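Trainee: You'll find target_4.csv just under this line, and it carries CSV, C-alpha atoms.
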```
chain,number,residue,atom,x,y,z
A,1,MET,CA,57.9,38.4,-54.3
A,2,ASN,CA,59.8,39.6,-51.2
A,3,LYS,CA,58.9,39.1,-47.6
A,4,LEU,CA,57.4,42.6,-47.4
A,5,THR,CA,54.6,41.9,-49.9
A,6,LYS,CA,53.8,38.6,-48.2
A,7,ALA,CA,53.4,40.1,-44.7
A,8,LYS,CA,50.0,40.3,-43.0
A,9,PHE,CA,48.2,43.6,-42.8
A,10,THR,CA,48.6,45.9,-39.8
A,11,LEU,CA,45.5,47.2,-38.2
A,12,ARG,CA,45.9,50.7,-39.8
A,13,GLU,CA,46.5,49.2,-43.2
A,14,ALA,CA,43.3,47.0,-42.8
A,15,LEU,CA,41.4,50.0,-41.8
A,16,TYR,CA,42.7,52.1,-44.7
A,17,LEU,CA,41.8,49.4,-47.1
A,18,GLY,CA,38.3,49.3,-45.5
A,19,PHE,CA,38.1,53.1,-46.1
A,20,CYS,CA,38.9,52.6,-49.8
A,21,ALA,CA,36.0,50.2,-49.9
A,22,THR,CA,33.9,52.8,-48.1
A,23,PHE,CA,34.7,55.3,-50.9
A,24,ILE,CA,33.6,52.8,-53.5
A,25,ILE,CA,30.2,52.6,-51.7
A,26,LEU,CA,30.0,56.3,-51.3
A,27,ALA,CA,30.6,56.8,-55.0
A,28,ARG,CA,28.0,54.2,-55.9
A,29,VAL,CA,25.4,55.8,-53.6
A,30,LEU,CA,26.2,59.4,-54.8
A,31,LEU,CA,26.3,58.5,-58.5
A,32,ARG,CA,23.3,56.2,-58.8
A,33,LEU,CA,21.0,59.0,-58.0
A,34,LYS,CA,22.3,61.4,-60.6
A,35,LEU,CA,23.9,59.5,-63.4
A,36,ASN,CA,22.3,56.9,-65.7
A,37,VAL,CA,25.3,55.8,-67.8
A,38,PRO,CA,25.8,52.0,-67.6
A,39,GLY,CA,29.1,50.9,-66.1
A,40,HIS,CA,30.0,54.3,-64.6
A,41,ALA,CA,30.5,52.8,-61.1
A,42,MET,CA,33.5,50.8,-62.4
A,43,PHE,CA,35.4,54.1,-62.7
A,44,PHE,CA,35.6,54.4,-58.9
A,45,VAL,CA,35.7,50.7,-58.2
A,46,MET,CA,38.9,50.3,-60.2
A,47,PHE,CA,40.3,53.6,-58.9
A,48,PHE,CA,40.0,52.6,-55.3
A,49,ILE,CA,40.9,49.0,-55.7
A,50,LEU,CA,44.2,49.9,-57.4
A,51,LEU,CA,44.7,52.8,-55.0
A,52,GLY,CA,44.4,50.4,-52.1
A,53,ARG,CA,47.0,48.2,-53.7
A,54,GLY,CA,49.2,51.2,-54.4
A,55,CYS,CA,49.1,52.5,-50.8
A,56,VAL,CA,49.4,49.0,-49.2
A,57,PRO,CA,51.7,47.0,-51.5
A,58,LYS,CA,51.0,43.6,-50.0
A,59,MET,CA,49.5,40.5,-51.5
A,60,GLY,CA,45.7,40.5,-51.0
A,61,ALA,CA,45.3,44.2,-50.4
A,62,ALA,CA,43.1,44.7,-53.6
A,63,SER,CA,41.1,41.6,-52.8
A,64,LEU,CA,40.4,42.8,-49.3
A,65,VAL,CA,39.1,46.1,-50.7
A,66,GLY,CA,36.9,44.1,-53.0
A,67,LEU,CA,35.7,41.8,-50.3
A,68,ILE,CA,34.8,44.7,-47.9
A,69,ALA,CA,33.2,46.7,-50.8
A,70,GLY,CA,31.1,43.7,-51.7
A,71,VAL,CA,30.0,43.0,-48.1
A,72,LEU,CA,29.2,46.7,-47.6
A,73,SER,CA,27.2,46.8,-50.8
A,74,THR,CA,25.2,43.7,-49.7
A,75,LEU,CA,24.7,45.2,-46.2
A,76,MET,CA,23.4,48.5,-47.8
A,77,GLY,CA,21.3,46.7,-50.4
A,78,LEU,CA,23.2,48.2,-53.3
A,79,GLY,CA,23.2,45.1,-55.5
A,80,LYS,CA,21.8,41.8,-56.4
A,81,GLY,CA,22.5,39.9,-53.2
A,82,PRO,CA,25.7,38.2,-52.0
A,83,LEU,CA,26.7,37.3,-55.5
A,84,LEU,CA,27.6,41.0,-55.6
A,85,ILE,CA,30.6,40.2,-53.4
A,86,LEU,CA,32.0,38.1,-56.2
A,87,LYS,CA,31.7,41.0,-58.6
A,88,PHE,CA,34.0,43.1,-56.3
A,89,ILE,CA,36.4,40.3,-55.3
A,90,CYS,CA,37.2,39.2,-58.9
A,91,PRO,CA,38.6,42.6,-60.0
A,92,GLY,CA,40.6,42.7,-56.7
A,93,LEU,CA,42.0,39.3,-57.4
A,94,VAL,CA,43.0,40.3,-60.9
A,95,VAL,CA,44.8,43.4,-59.5
A,96,ASP,CA,46.6,41.3,-56.9
A,97,LEU,CA,47.6,38.9,-59.5
A,98,GLY,CA,48.8,41.6,-61.8
A,99,ALA,CA,50.8,43.2,-59.0
A,100,ALA,CA,52.4,39.9,-58.1
A,101,PHE,CA,53.8,39.6,-61.7
A,102,TYR,CA,54.6,43.3,-61.9
A,103,PRO,CA,55.2,44.9,-58.5
A,104,ARG,CA,55.4,48.5,-59.9
A,105,LEU,CA,51.9,48.1,-61.3
A,106,THR,CA,50.4,51.1,-59.6
A,107,SER,CA,53.1,53.4,-60.8
A,108,SER,CA,52.7,52.5,-64.4
A,109,TYR,CA,50.0,54.0,-66.6
A,110,VAL,CA,50.1,51.2,-69.1
A,111,GLY,CA,50.1,48.5,-66.4
A,112,CYS,CA,47.1,50.1,-64.6
A,113,ILE,CA,45.1,50.5,-67.8
A,114,ILE,CA,45.7,46.9,-68.9
A,115,VAL,CA,45.0,45.4,-65.5
A,116,GLY,CA,42.1,47.7,-65.0
A,117,GLY,CA,40.5,46.7,-68.3
A,118,ILE,CA,40.9,42.9,-67.5
A,119,ALA,CA,39.7,43.4,-63.9
A,120,SER,CA,36.6,45.4,-65.1
A,121,PHE,CA,35.7,42.5,-67.5
A,122,THR,CA,35.7,40.0,-64.7
A,123,ARG,CA,32.7,41.6,-63.1
A,124,PHE,CA,30.7,39.4,-65.4
A,125,ALA,CA,32.2,36.3,-63.8
A,126,ALA,CA,29.2,35.8,-61.5
A,127,PHE,CA,26.7,36.3,-64.3
A,128,PHE,CA,28.7,34.0,-66.6
A,129,LEU,CA,28.4,31.2,-64.0
A,130,ILE,CA,24.7,31.7,-63.4
A,131,GLU,CA,23.9,31.9,-67.1
A,132,ARG,CA,26.0,28.8,-67.8
A,133,PHE,CA,24.0,27.0,-65.0
A,134,MET,CA,20.8,28.1,-66.7
A,135,GLY,CA,21.8,26.4,-69.9
A,136,MET,CA,22.5,29.5,-72.0
A,137,GLU,CA,24.6,29.0,-75.0
A,138,THR,CA,28.3,30.0,-74.5
A,139,GLY,CA,28.3,32.1,-77.7
A,140,ILE,CA,25.3,34.2,-76.5
A,141,ILE,CA,26.8,34.6,-73.0
A,142,TRP,CA,30.0,36.1,-74.6
A,143,GLN,CA,28.0,38.3,-77.0
A,144,LYS,CA,25.9,39.6,-74.0
A,145,ALA,CA,29.1,40.0,-71.9
A,146,ILE,CA,30.7,42.1,-74.6
A,147,LEU,CA,27.5,44.2,-75.1
A,148,ASP,CA,27.2,44.8,-71.3
A,149,SER,CA,30.8,45.3,-70.6
A,150,THR,CA,32.0,47.7,-73.3
A,151,LEU,CA,31.2,50.8,-71.2
A,152,THR,CA,32.2,49.1,-68.0
A,153,VAL,CA,35.7,48.3,-69.3
A,154,ILE,CA,36.1,51.8,-70.7
A,155,PHE,CA,35.2,53.4,-67.3
A,156,GLY,CA,37.4,50.8,-65.5
A,157,CYS,CA,40.4,51.8,-67.7
A,158,LEU,CA,39.7,55.5,-67.1
A,159,GLY,CA,39.5,55.0,-63.3
A,160,SER,CA,42.7,52.9,-63.4
A,161,ALA,CA,44.6,55.5,-65.4
A,162,MET,CA,44.1,58.0,-62.6
A,163,VAL,CA,45.9,55.9,-60.0
A,164,PRO,CA,49.6,56.3,-60.9
A,165,ALA,CA,49.4,60.1,-60.6
A,166,VAL,CA,47.7,59.9,-57.2
A,167,VAL,CA,50.1,57.3,-55.9
A,168,ARG,CA,53.1,59.3,-57.0
A,169,ARG,CA,51.6,62.4,-55.4
A,170,LEU,CA,51.1,60.6,-52.1
A,171,LYS,CA,54.6,59.2,-52.2
A,172,ALA,CA,56.1,62.6,-53.1
A,173,ASN,CA,54.3,64.0,-50.0
A,174,LYS,CA,55.6,61.1,-47.9
A,175,LEU,CA,52.1,60.0,-47.0
A,176,ILE,CA,52.8,56.5,-48.1
A,177,SER,CA,56.2,54.7,-48.3
B,1,MET,CA,22.4,58.5,-47.6
B,2,HIS,CA,19.5,56.6,-45.8
B,3,ARG,CA,16.1,56.2,-47.3
B,4,LYS,CA,13.3,57.9,-45.4
B,5,SER,CA,10.8,55.6,-43.8
B,6,GLY,CA,7.9,55.0,-46.2
B,7,GLY,CA,9.8,56.4,-49.2
B,8,ILE,CA,10.4,54.6,-52.4
B,9,GLY,CA,14.1,53.8,-51.9
B,10,HIS,CA,16.3,51.7,-54.1
B,11,ALA,CA,16.2,48.1,-55.3
B,12,TYR,CA,17.2,45.4,-52.8
B,13,GLN,CA,17.2,47.9,-49.9
B,14,PHE,CA,15.7,46.8,-46.5
B,15,ARG,CA,12.1,47.9,-46.1
B,16,SER,CA,10.8,48.0,-42.5
B,17,ALA,CA,7.5,46.2,-42.1
B,18,ASP,CA,5.7,43.9,-39.6
B,19,SER,CA,5.4,40.8,-41.6
B,20,ALA,CA,5.9,37.0,-41.2
B,21,MET,CA,9.0,37.2,-43.4
B,22,HIS,CA,10.5,40.0,-41.3
B,23,HIS,CA,10.0,37.9,-38.2
B,24,LEU,CA,11.6,34.8,-39.7
B,25,PRO,CA,15.1,34.2,-38.4
B,26,ALA,CA,17.9,34.9,-40.9
B,27,ALA,CA,18.8,31.2,-41.1
B,28,GLY,CA,15.2,30.4,-42.1
B,29,LYS,CA,15.3,33.0,-44.8
B,30,LEU,CA,18.6,31.8,-46.1
B,31,THR,CA,17.2,28.2,-46.3
B,32,LEU,CA,14.2,29.5,-48.2
B,33,TRP,CA,16.5,31.5,-50.5
B,34,PHE,CA,18.7,28.5,-51.1
B,35,PHE,CA,15.8,26.2,-52.1
B,36,LEU,CA,14.1,28.8,-54.3
B,37,SER,CA,17.3,29.5,-56.1
B,38,ILE,CA,18.2,25.8,-56.6
B,39,GLY,CA,14.6,25.4,-57.9
B,40,ALA,CA,15.3,28.2,-60.5
B,41,ILE,CA,18.4,26.3,-61.7
B,42,ILE,CA,16.8,22.9,-62.1
B,43,SER,CA,13.4,24.0,-63.4
B,44,ARG,CA,13.1,23.9,-67.2
B,45,ASP,CA,9.4,23.4,-67.8
B,46,PRO,CA,7.0,26.3,-68.1
B,47,TRP,CA,4.7,25.0,-65.3
B,48,ALA,CA,7.6,24.6,-62.9
B,49,LEU,CA,8.8,28.1,-63.6
B,50,GLY,CA,5.2,29.3,-63.2
B,51,VAL,CA,5.0,27.6,-59.8
B,52,LEU,CA,8.3,29.2,-58.7
B,53,LEU,CA,7.1,32.6,-59.9
B,54,LEU,CA,4.0,32.2,-57.8
B,55,LEU,CA,6.0,31.1,-54.8
B,56,ASN,CA,8.3,34.2,-55.1
B,57,GLY,CA,5.2,36.4,-55.6
B,58,ALA,CA,3.6,34.9,-52.4
B,59,THR,CA,6.9,35.6,-50.5
B,60,TYR,CA,6.8,39.2,-51.7
B,61,TYR,CA,3.2,39.4,-50.6
B,62,LEU,CA,4.0,37.8,-47.2
B,63,SER,CA,6.8,40.3,-46.8
B,64,ARG,CA,4.3,43.2,-47.2
B,65,LEU,CA,6.5,44.7,-50.0
B,66,LYS,CA,4.8,47.0,-52.4
B,67,PRO,CA,4.5,46.4,-56.2
B,68,ILE,CA,6.9,49.3,-56.7
B,69,ASP,CA,9.5,47.4,-54.6
B,70,PHE,CA,9.0,44.4,-56.8
B,71,PHE,CA,9.3,46.5,-60.0
B,72,GLN,CA,12.5,48.1,-58.7
B,73,ASP,CA,14.0,44.7,-57.9
B,74,ILE,CA,13.3,43.2,-61.3
B,75,ARG,CA,14.0,46.4,-63.4
B,76,PHE,CA,17.6,45.4,-64.1
B,77,PHE,CA,16.4,41.9,-65.2
B,78,LEU,CA,13.9,43.3,-67.6
B,79,ILE,CA,16.7,45.0,-69.5
B,80,GLN,CA,18.7,41.8,-69.4
B,81,MET,CA,15.7,39.9,-70.6
B,82,ALA,CA,15.4,42.2,-73.7
B,83,ILE,CA,19.1,41.6,-74.5
B,84,VAL,CA,19.0,37.8,-74.0
B,85,VAL,CA,15.7,37.4,-76.0
B,86,GLY,CA,17.1,39.7,-78.7
B,87,LEU,CA,20.3,37.7,-79.0
B,88,TYR,CA,18.5,34.4,-79.2
B,89,MET,CA,16.1,35.7,-81.8
B,90,ILE,CA,19.0,36.9,-83.9
B,91,ARG,CA,20.5,33.3,-83.8
B,92,GLN,CA,17.4,31.1,-83.9
B,93,GLY,CA,14.5,33.3,-85.2
B,94,VAL,CA,11.1,33.0,-83.5
B,95,ASP,CA,12.0,29.8,-81.7
B,96,GLY,CA,14.7,31.8,-80.0
B,97,PHE,CA,12.1,34.0,-78.3
B,98,PHE,CA,10.8,31.1,-76.1
B,99,ILE,CA,14.3,29.8,-75.2
B,100,GLY,CA,15.4,33.4,-74.4
B,101,MET,CA,12.3,34.0,-72.3
B,102,ARG,CA,12.8,30.7,-70.4
B,103,ILE,CA,16.4,31.5,-69.5
B,104,SER,CA,15.7,35.1,-68.6
B,105,ILE,CA,12.9,34.0,-66.2
B,106,GLN,CA,15.2,31.4,-64.7
B,107,ILE,CA,17.8,34.1,-64.1
B,108,LEU,CA,15.2,36.4,-62.6
B,109,LEU,CA,13.9,33.6,-60.3
B,110,PHE,CA,17.5,32.8,-59.2
B,111,PHE,CA,18.1,36.4,-58.0
B,112,LEU,CA,14.6,37.2,-56.7
B,113,PRO,CA,14.9,35.2,-53.4
B,114,GLY,CA,18.1,37.1,-52.6
B,115,ALA,CA,16.2,40.4,-53.2
B,116,ILE,CA,13.5,39.3,-50.7
B,117,PHE,CA,16.2,38.3,-48.2
B,118,LEU,CA,17.8,41.8,-48.4
B,119,ARG,CA,14.4,43.5,-48.4
B,120,THR,CA,13.4,41.8,-45.1
B,121,THR,CA,16.7,41.5,-43.2
B,122,PRO,CA,18.1,44.5,-41.4
B,123,SER,CA,21.8,45.3,-41.6
B,124,SER,CA,22.3,44.7,-37.9
B,125,GLN,CA,21.1,41.1,-38.3
B,126,LEU,CA,23.4,40.6,-41.4
B,127,MET,CA,26.3,41.9,-39.4
B,128,ARG,CA,25.7,39.6,-36.5
B,129,GLY,CA,25.8,36.7,-39.0
B,130,LEU,CA,29.0,38.1,-40.6
B,131,ARG,CA,30.8,38.1,-37.2
B,132,ARG,CA,30.2,34.3,-37.0
B,133,ILE,CA,31.5,33.6,-40.4
B,134,LEU,CA,34.5,35.9,-40.9
B,135,PRO,CA,37.8,36.2,-39.0
B,136,PHE,CA,37.6,38.8,-36.2
B,137,SER,CA,40.2,41.2,-37.8
B,138,ILE,CA,38.3,41.3,-41.2
B,139,ALA,CA,34.9,41.6,-39.5
B,140,PHE,CA,36.4,44.5,-37.5
B,141,ALA,CA,37.6,46.2,-40.7
B,142,ILE,CA,34.1,45.7,-42.3
B,143,LEU,CA,32.2,47.0,-39.3
B,144,THR,CA,34.5,50.0,-38.9
B,145,SER,CA,34.1,50.8,-42.7
B,146,PHE,CA,30.3,50.5,-42.3
B,147,ARG,CA,30.3,52.9,-39.3
B,148,PHE,CA,32.5,55.4,-41.2
B,149,VAL,CA,30.2,55.6,-44.3
B,150,PRO,CA,28.2,58.6,-42.9
B,151,TYR,CA,31.5,60.2,-41.6
B,152,PHE,CA,33.1,60.1,-45.0
B,153,ALA,CA,29.9,61.2,-46.7
B,154,ARG,CA,30.0,64.3,-44.4
B,155,GLU,CA,33.7,64.8,-45.0
B,156,PHE,CA,33.1,64.6,-48.8
B,157,HIS,CA,30.3,67.2,-48.7
B,158,GLU,CA,32.4,69.5,-46.4
B,159,ILE,CA,35.5,69.3,-48.6
B,160,ALA,CA,33.4,69.8,-51.8
B,161,LEU,CA,31.7,72.9,-50.3
B,162,ILE,CA,35.0,74.4,-49.1
B,163,GLN,CA,36.7,73.9,-52.5
B,164,ARG,CA,33.7,75.3,-54.3
B,165,LEU,CA,33.9,78.4,-52.1
B,166,ARG,CA,37.6,78.6,-53.1
B,167,GLY,CA,36.5,78.6,-56.8
B,168,ALA,CA,37.2,75.0,-57.7
B,169,ARG,CA,35.0,73.5,-60.5
B,170,VAL,CA,33.7,70.6,-58.4
B,171,ALA,CA,29.9,71.2,-58.5
B,172,LEU,CA,27.9,68.1,-59.6
B,173,ARG,CA,27.0,69.6,-63.0
B,174,GLN,CA,30.7,70.4,-63.6
B,175,CYS,CA,31.7,66.8,-62.8
B,176,PHE,CA,30.4,65.7,-66.3
B,177,ASN,CA,33.0,67.9,-68.0
B,178,PRO,CA,36.3,66.0,-68.5
B,179,PHE,CA,38.2,69.3,-68.4
B,180,ASN,CA,37.2,69.7,-64.7
B,181,TRP,CA,38.3,66.2,-63.6
B,182,GLN,CA,41.8,67.6,-62.7
B,183,ASP,CA,40.1,69.9,-60.2
B,184,ILE,CA,38.0,67.1,-58.8
B,185,PHE,CA,41.0,64.9,-58.2
B,186,SER,CA,43.2,67.6,-56.8
B,187,CYS,CA,40.6,69.3,-54.7
B,188,ILE,CA,38.4,66.5,-53.5
B,189,MET,CA,40.0,63.0,-54.0
B,190,ILE,CA,43.4,63.9,-52.7
B,191,PRO,CA,42.2,65.5,-49.5
B,192,LEU,CA,39.7,62.7,-49.0
B,193,ILE,CA,42.4,60.1,-49.4
B,194,ILE,CA,44.7,61.9,-47.0
B,195,ARG,CA,41.8,62.2,-44.5
B,196,ALA,CA,41.3,58.4,-44.9
B,197,ILE,CA,45.0,57.7,-44.1
B,198,LYS,CA,44.9,60.0,-41.0
B,199,THR,CA,41.6,58.5,-39.8
B,200,ALA,CA,42.9,54.9,-40.3
B,201,ASN,CA,46.0,55.9,-38.2
B,202,GLU,CA,43.9,57.5,-35.4
B,203,SER,CA,41.3,54.6,-35.4
B,204,ALA,CA,44.0,52.0,-35.3
B,205,LEU,CA,45.8,53.8,-32.5
B,206,SER,CA,42.5,54.1,-30.6
B,207,ALA,CA,41.7,50.4,-31.1
B,208,GLU,CA,45.2,49.3,-30.1
B,209,ALA,CA,45.0,51.4,-26.9
B,210,ARG,CA,41.8,49.5,-26.1
B,211,GLY,CA,43.7,46.2,-26.4
B,212,PHE,CA,42.6,45.2,-29.9
B,213,GLY,CA,46.3,44.7,-30.9
B,214,GLY,CA,46.3,41.3,-29.1
B,215,GLN,CA,45.0,39.5,-32.1
B,216,VAL,CA,46.7,41.5,-34.8
B,217,PRO,CA,50.5,41.6,-34.3
B,218,ARG,CA,52.0,45.1,-34.6
B,219,ARG,CA,54.5,45.3,-37.4
B,220,VAL,CA,55.6,48.9,-37.3
B,221,GLU,CA,58.5,48.1,-39.6
B,222,ASN,CA,56.1,46.7,-42.3
B,223,ASN,CA,53.6,49.5,-42.1
B,224,HIS,CA,53.2,51.2,-45.4
B,225,LEU,CA,51.0,54.0,-44.3
B,226,VAL,CA,53.2,56.8,-42.8
B,227,GLN,CA,52.1,57.7,-39.3
```
Give the structure from this file in structure tokens form.

Mentor:
Amino acid sequence: MNKLTKAKFTLREALYLGFCATFIILARVLLRLKLNVPGHAMFFVMFFILLGRGCVPKMGAASLVGLIAGVLSTLMGLGKGPLLILKFICPGLVVDLGAAFYPRLTSSYVGCIIVGGIASFTRFAAFFLIERFMGMETGIIWQKAILDSTLTVIFGCLGSAMVPAVVRRLKANKLIS
Amino acid sequence: MHRKSGGIGHAYQFRSADSAMHHLPAAGKLTLWFFLSIGAIISRDPWALGVLLLLNGATYYLSRLKPIDFFQDIRFFLIQMAIVVGLYMIRQGVDGFFIGMRISIQILLFFLPGAIFLRTTPSSQLMRGLRRILPFSIAFAILTSFRFVPYFAREFHEIALIQRLRGARVALRQCFNPFNWQDIFSCIMIPLIIRAIKTANESALSAEARGFGGQVPRRVENNHLVQ
């Protein structure tokens, strides 16, 4: 990891990451009215989290998008309370971790799809913890997670697969460096 | 974007009313939420869960929330309940029904106080609380993002309208067809992302001109968004 990726965010970078989170919220608001396919929201969540990391290649960029999206969702009453923040931060952390190991993550289709799939699955981290506290059997928790997450992971992978093309296009037009 | 006053709205969305819960300070509501949620974790007996259910019901009543609000808030958990009970019954037969129901009700009771908190606490009050918890720069980014939600919603509609007039297949019905996704990305997402980069640059410049840069050091050489 070089000095550049460790650097703090400039104001415009922080604002841009905030706007990526805004787009996640907009997509949730617009789609929840029209579409009733479970897990569809993950398409845009993963797309904008990875895009944020692609445009601002610094450690913590994806987590910041997740944090802001979680807080905004809570403020707008779009989910089940502040635990929702965890459901956005976990995918962000996975993306940051993936990018730390493979810096060219957002330019690679395979990398984006793999990390997107894993990150989508972590949305169940909050539920996993709660259900474990309630005394639910681990086997049933995993079965339920797989039942619930199949479509979410598929949508997450699809959203992630869109990122390299957009990042390359933005770089080609010198909108990001 | 925003629910009309008196409309049905969505689950967990703030509902304006003149109730005891609405007048309670956020700290008081958080304390109530904390104890009710902890109660849901430690309760195992049916009578304890029944008492907690009654307490949550009473809080809903005191908040002057309508039965439709309650139904919207628990709708997701009813689906989860069916899945959990079904999985337990597959494993343990009829006995699994009671265990599955107990766990499902516990999960519902864990989340319900949070729903009441969000239903009775306006965004402005939540944001005031956030400013005390989070670092100033992150709180600023969150508040700015919140303020820009309507702006980007307008931008999105305008870009979509213009592109549809140009013949792009970006109408809502056409979004379901995967063959149109190329158009959606090229004609809506790319302009929207470019708009976001430009707006971030302008807003940052404006904030720095007002002296905001005092807390966040300027690192022009490290800036990845081209100005």

Trainee: Ranking B:Asp73, B:Asp45, B:Asp95, B:Glu158 by minimum distance to chain A and counting all atoms listed in the file, which one comes first?

Mentor: B:Asp73

Trainee: Write out as a PyMOL selection string the residues lying within 12 Å of Ala27 of chain B, counting all atoms listed in the file and excluding same-chain residues fewer than 2 positions away.

Mentor: chain B and resi 21+23-25+29-34+117+121+125-126+128-129

Trainee: Pull C-alpha atoms from the residues just selected and write them as an mmCIF file, keeping the file's coordinate frame.

Mentor:
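Once written, again_2.cif looks like this:
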```
data_model
loop_
_atom_site.group_PDB
_atom_site.id
_atom_site.type_symbol
_atom_site.label_atom_id
_atom_site.label_comp_id
_atom_site.auth_asym_id
_atom_site.auth_seq_id
_atom_site.Cartn_x
_atom_site.Cartn_y
_atom_site.Cartn_z
ATOM 1 C CA MET B 21 9.000 37.200 -43.400
ATOM 2 C CA HIS B 23 10.000 37.900 -38.200
ATOM 3 C CA LEU B 24 11.600 34.800 -39.700
ATOM 4 C CA PRO B 25 15.100 34.200 -38.400
ATOM 5 C CA LYS B 29 15.300 33.000 -44.800
ATOM 6 C CA LEU B 30 18.600 31.800 -46.100
ATOM 7 C CA THR B 31 17.200 28.200 -46.300
ATOM 8 C CA LEU B 32 14.200 29.500 -48.200
ATOM 9 C CA TRP B 33 16.500 31.500 -50.500
ATOM 10 C CA PHE B 34 18.700 28.500 -51.100
ATOM 11 C CA PHE B 117 16.200 38.300 -48.200
ATOM 12 C CA THR B 121 16.700 41.500 -43.200
ATOM 13 C CA GLN B 125 21.100 41.100 -38.300
ATOM 14 C CA LEU B 126 23.400 40.600 -41.400
ATOM 15 C CA ARG B 128 25.700 39.600 -36.500
ATOM 16 C CA GLY B 129 25.800 36.700 -39.000
#
```

Trainee: Can you pull out every residue within 10 Å of Glu131 of chain A, counting all atoms listed in the file, but drop anything in the same chain fewer than 6 positions away, and send it as an mmCIF file with C-alpha atoms, keeping the file's coordinate frame?

Mentor:
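Written output follows (selection04.cif):
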```
data_model
loop_
_atom_site.group_PDB
_atom_site.id
_atom_site.type_symbol
_atom_site.label_atom_id
_atom_site.label_comp_id
_atom_site.auth_asym_id
_atom_site.auth_seq_id
_atom_site.Cartn_x
_atom_site.Cartn_y
_atom_site.Cartn_z
ATOM 1 C CA ALA A 125 32.200 36.300 -63.800
ATOM 2 C CA GLU A 137 24.600 29.000 -75.000
ATOM 3 C CA THR A 138 28.300 30.000 -74.500
ATOM 4 C CA ILE A 140 25.300 34.200 -76.500
ATOM 5 C CA ILE A 141 26.800 34.600 -73.000
ATOM 6 C CA ILE B 41 18.400 26.300 -61.700
ATOM 7 C CA ILE B 103 16.400 31.500 -69.500
ATOM 8 C CA SER B 104 15.700 35.100 -68.600
ATOM 9 C CA GLN B 106 15.200 31.400 -64.700
ATOM 10 C CA ILE B 107 17.800 34.100 -64.100
#
```

Trainee: Using only C-alpha atoms, which protein or nucleic acid residues come within 12 Å of Ile24 of chain A? Drop anything in the same chain fewer than 3 positions from it, and give the result as a ChimeraX atom specification.

Mentor: /A:17-21,27-31,40-52,65-73,78,88,159 /B:145-146,149,152-153

Trainee: Considering only C-alpha atoms, return as an MDAnalysis selection string whatever protein or nucleic-acid residues lie within 10 Å of Ile116 of chain B, sequence-local ones (same chain, fewer than 3 positions apart) excluded.

Mentor: (chainID A and resid 81) or (chainID B and resid 12:15 21:22 29 33 56 59:60 63 65 69:70 73 111:113 119:121)

Trainee: How many Å separate atom CA of Ala26 of chain B from atom CA of Tyr61 of chain B?

Mentor: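 The value is 18.2 Å.
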
Trainee: Atoms are missing here; could segment 18-30 of chain A be completed with N, CA and C atoms and written as a PDB file, keeping the file's coordinate frame?

Mentor:
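Written out: selection-v3.pdb:
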```
ATOM      1  N   GLY A  18      39.762  49.250 -45.770  1.00  0.00           N
ATOM      2  CA  GLY A  18      38.300  49.300 -45.500  1.00  0.00           C
ATOM      3  C   GLY A  18      37.748  50.665 -45.947  1.00  0.00           C
ATOM      4  N   PHE A  19      38.525  51.726 -45.691  1.00  0.00           N
ATOM      5  CA  PHE A  19      38.100  53.100 -46.100  1.00  0.00           C
ATOM      6  C   PHE A  19      38.024  53.219 -47.609  1.00  0.00           C
ATOM      7  N   CYS A  20      38.969  52.568 -48.297  1.00  0.00           N
ATOM      8  CA  CYS A  20      38.900  52.600 -49.800  1.00  0.00           C
ATOM      9  C   CYS A  20      37.614  51.945 -50.240  1.00  0.00           C
ATOM     10  N   ALA A  21      37.232  50.858 -49.556  1.00  0.00           N
ATOM     11  CA  ALA A  21      36.000  50.200 -49.900  1.00  0.00           C
ATOM     12  C   ALA A  21      34.786  51.143 -49.576  1.00  0.00           C
ATOM     13  N   THR A  22      34.912  51.885 -48.469  1.00  0.00           N
ATOM     14  CA  THR A  22      33.900  52.800 -48.100  1.00  0.00           C
ATOM     15  C   THR A  22      33.683  53.876 -49.215  1.00  0.00           C
ATOM     16  N   PHE A  23      34.807  54.328 -49.798  1.00  0.00           N
ATOM     17  CA  PHE A  23      34.700  55.300 -50.900  1.00  0.00           C
ATOM     18  C   PHE A  23      34.040  54.747 -52.116  1.00  0.00           C
ATOM     19  N   ILE A  24      34.272  53.457 -52.376  1.00  0.00           N
ATOM     20  CA  ILE A  24      33.600  52.800 -53.500  1.00  0.00           C
ATOM     21  C   ILE A  24      32.068  52.870 -53.280  1.00  0.00           C
ATOM     22  N   ILE A  25      31.678  52.567 -52.055  1.00  0.00           N
ATOM     23  CA  ILE A  25      30.200  52.600 -51.700  1.00  0.00           C
ATOM     24  C   ILE A  25      29.671  53.961 -51.819  1.00  0.00           C
ATOM     25  N   LEU A  26      30.429  54.934 -51.274  1.00  0.00           N
ATOM     26  CA  LEU A  26      30.000  56.300 -51.300  1.00  0.00           C
ATOM     27  C   LEU A  26      29.760  56.769 -52.774  1.00  0.00           C
ATOM     28  N   ALA A  27      30.730  56.436 -53.626  1.00  0.00           N
ATOM     29  CA  ALA A  27      30.600  56.800 -55.000  1.00  0.00           C
ATOM     30  C   ALA A  27      29.413  56.179 -55.680  1.00  0.00           C
ATOM     31  N   ARG A  28      29.162  54.910 -55.346  1.00  0.00           N
ATOM     32  CA  ARG A  28      28.000  54.200 -55.900  1.00  0.00           C
ATOM     33  C   ARG A  28      26.700  54.892 -55.457  1.00  0.00           C
ATOM     34  N   VAL A  29      26.649  55.212 -54.148  1.00  0.00           N
ATOM     35  CA  VAL A  29      25.400  55.800 -53.600  1.00  0.00           C
ATOM     36  C   VAL A  29      25.211  57.204 -54.195  1.00  0.00           C
ATOM     37  N   LEU A  30      26.299  57.980 -54.281  1.00  0.00           N
ATOM     38  CA  LEU A  30      26.200  59.400 -54.800  1.00  0.00           C
ATOM     39  C   LEU A  30      25.823  59.380 -56.269  1.00  0.00           C
TER      40      LEU A  30
END
```
